[in-house]
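The structure appears right after this line, and notes come after that.
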Amino acid sequence: FTGIFINFLMNSSFYPQLLNYQGGTVASNYLKGKLLRTDNCFSLHETSFALDVNTGINWMDGSPALFDAKLKEHGEVWVFTNQSGYVYLKEQYPVADSKRIEHFHVTAMTLPFLNPSTRQSVLEERYLVQLKAKD
């Protein structure tokens with residue numbers, strides 16, 4: 001009974017809270033209800049299996065040349081990236097929408113992450129960015 005109770009607590013409270021720090025899961029929740037084209041969603045310097053699975057879209061590795069071509073073709077591009085990619089995108093393209101996401105590799109938990117007072121020191125940043133074509 002103890003094992004069942006612990007398993008229940010972990011599945012009903014601990015694991016759902018953990019998903020708040022999985023960048024791809026947070027990004028896919030943000031995108032719910034938005035109409036996305038399957039051919040204008042890319043990643044830059046970052047990948048996320050959870051983002052692929054939860055959106056049903058293969059977020060391909062992108063490049064500036066690919067972004068430029070897709071922006072000309074569709075007028076917008078969505079990009080999942082890290083902090084350095086976000087800085088680059090903001091400098092090069094008009095940003096229509098962006099979401100900053102706190103990220104941690106939840107499959108490799110550490111004591112600093114589990115401790116709420118030290119958690120911020122081990123979190124990384126991910127961004128979901130919507131680029132618009134230049135006028």
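Please note that chains go A, B, ... in the order of the structure tokens, that every chain numbers its residues from 1, and that ligands are numbered from 1 in the order shown.
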* Pull the strand (DSSP E or B) assignments for stretch 6-114 of chain A out of DSSP run on the backbone, and list those residues as a list in words. =>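 Residues of stretch 6-114 of chain A classed as strand (DSSP E or B): Cys41, Phe42, Ser43, Leu44, Met60, Asp61, Glu76, Val77, Trp78, Val79, Phe80, Thr81, Asn82, Val95, Ala96, Asp97, Ser98, Lys99, Arg100, Ile101, Glu102 and His103 of chain A.
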How would you write, as a ChimeraX atom specification, the set of residues in chain A that DSSP gives as alpha helix (DSSP H)? /A:2-9,15-18,23-31,49-55,64-74,83-92,111-114
Contact residues around stretch 102-111 of chain A with only C-alpha atoms at 7 Å, ignoring same-chain residues under 2 positions, as a list in words: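 Listing them by chain and then by number gives Leu18, Tyr21, Gln22, Gly23, Arg100, Phe113, Leu114, Asn115, Leu123, Glu124, Glu125 and Arg126 of chain A.
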The selected residues should be written to file as an mmCIF file, in the first residue's frame (atoms: C-alpha atoms).
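So result-v5.cif came out as:
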```cif
data_model
loop_
_atom_site.group_PDB
_atom_site.id
_atom_site.type_symbol
_atom_site.label_atom_id
_atom_site.label_comp_id
_atom_site.auth_asym_id
_atom_site.auth_seq_id
_atom_site.Cartn_x
_atom_site.Cartn_y
_atom_site.Cartn_z
ATOM 1 C CA LEU A 18 8.026 18.776 -13.396
ATOM 2 C CA TYR A 21 10.198 22.992 -16.648
ATOM 3 C CA GLN A 22 10.292 20.981 -19.877
ATOM 4 C CA GLY A 23 10.692 23.659 -22.537
ATOM 5 C CA ARG A 100 10.344 33.035 -22.750
ATOM 6 C CA PHE A 113 16.876 21.823 -9.188
ATOM 7 C CA LEU A 114 14.804 20.000 -6.579
ATOM 8 C CA ASN A 115 15.541 22.687 -3.977
ATOM 9 C CA LEU A 123 17.334 26.795 -15.129
ATOM 10 C CA GLU A 124 18.095 27.562 -18.770
ATOM 11 C CA GLU A 125 16.116 29.767 -21.147
ATOM 12 C CA ARG A 126 14.274 28.650 -24.242
#
```
Query raised in the report: Near A:Pro64, counting only C-alpha atoms, which residues have an atom at most 10 Å away, once you skip same-chain residues fewer than 3 positions from it, shown as a ChimeraX atom specification?
Result: /A:44,67-70,88-89,92-93
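When the distance limit is 8 Å and only C-alpha atoms are what count, the residues near A:Asp52, minus those fewer than 6 positions from it on the same chain, are Gly24, Asn58 and Trp59 of chain A.
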Selection above as a file: C-alpha atoms, as a compact mmCIF listing (two decimals), in the first residue's frame:
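Written file, result_11.txt:
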```txt
# COMPACT_ATOMS: atom_id res chain seq x y z
CA GLY A 24 9.01 21.79 -25.38
CA ASN A 58 8.42 17.95 -37.01
CA TRP A 59 10.26 21.12 -35.97
```
May I have the residues within 8 Å of stretch 26-41 of chain A as a ChimeraX atom specification, using only C-alpha atoms and disregarding those fewer than 4 positions away in the same chain?
/A:19-22,50-51,54-55,57-60,70,74,76-79,99,101,128
Restricting the output to N, CA and C atoms, write the selected residues as a CSV table (one decimal), in the first residue's frame.
```csv
chain,number,residue,atom,x,y,z
A,19,LEU,N,6.8,18.9,-15.5
A,19,LEU,CA,6.6,19.3,-16.9
A,19,LEU,C,6.5,20.8,-17.1
A,20,ASN,N,6.3,21.6,-16.1
A,20,ASN,CA,6.4,23.0,-16.2
A,20,ASN,C,7.8,23.5,-16.5
A,21,TYR,N,8.8,22.6,-16.4
A,21,TYR,CA,10.2,23.0,-16.6
A,21,TYR,C,10.7,22.3,-17.9
A,22,GLN,N,9.9,21.6,-18.6
A,22,GLN,CA,10.3,21.0,-19.9
A,22,GLN,C,9.9,21.9,-21.0
A,50,ALA,N,9.5,16.7,-27.1
A,50,ALA,CA,8.1,17.0,-26.6
A,50,ALA,C,7.4,18.0,-27.5
A,51,LEU,N,8.1,19.0,-28.0
A,51,LEU,CA,7.4,19.9,-28.9
A,51,LEU,C,7.0,19.2,-30.2
A,54,ASN,N,3.9,16.9,-29.1
A,54,ASN,CA,2.7,17.6,-28.6
A,54,ASN,C,2.0,18.4,-29.7
A,55,THR,N,2.8,18.9,-30.6
A,55,THR,CA,2.2,19.7,-31.7
A,55,THR,C,1.9,18.9,-32.9
A,57,ILE,N,4.0,18.2,-35.2
A,57,ILE,CA,4.8,18.9,-36.3
A,57,ILE,C,6.3,18.5,-36.0
A,58,ASN,N,7.0,18.2,-37.1
A,58,ASN,CA,8.4,17.9,-37.0
A,58,ASN,C,9.1,19.3,-37.1
A,59,TRP,N,9.6,19.8,-36.0
A,59,TRP,CA,10.3,21.1,-36.0
A,59,TRP,C,11.7,20.9,-36.5
A,60,MET,N,11.9,21.2,-37.8
A,60,MET,CA,13.2,20.9,-38.4
A,60,MET,C,14.2,22.0,-38.1
A,70,LYS,N,11.1,31.0,-46.3
A,70,LYS,CA,9.7,30.7,-45.8
A,70,LYS,C,9.0,32.0,-45.4
A,74,HIS,N,5.4,32.5,-46.9
A,74,HIS,CA,4.2,32.4,-46.0
A,74,HIS,C,4.0,33.7,-45.2
A,76,GLU,N,5.3,34.4,-42.3
A,76,GLU,CA,5.6,34.1,-40.9
A,76,GLU,C,6.3,32.8,-40.7
A,77,VAL,N,7.1,32.7,-39.7
A,77,VAL,CA,7.8,31.5,-39.3
A,77,VAL,C,7.9,31.4,-37.8
A,78,TRP,N,7.7,30.2,-37.3
A,78,TRP,CA,7.8,30.0,-35.8
A,78,TRP,C,9.2,29.3,-35.6
A,79,VAL,N,9.9,29.7,-34.5
A,79,VAL,CA,11.2,29.2,-34.2
A,79,VAL,C,11.3,28.9,-32.7
A,99,LYS,N,7.8,34.0,-26.6
A,99,LYS,CA,7.5,33.4,-25.2
A,99,LYS,C,8.8,32.9,-24.6
A,101,ILE,N,10.7,30.8,-21.9
A,101,ILE,CA,10.4,29.6,-21.2
A,101,ILE,C,11.6,29.2,-20.3
A,128,LEU,N,10.2,30.6,-27.8
A,128,LEU,CA,9.4,30.3,-28.9
A,128,LEU,C,9.1,31.7,-29.6
```
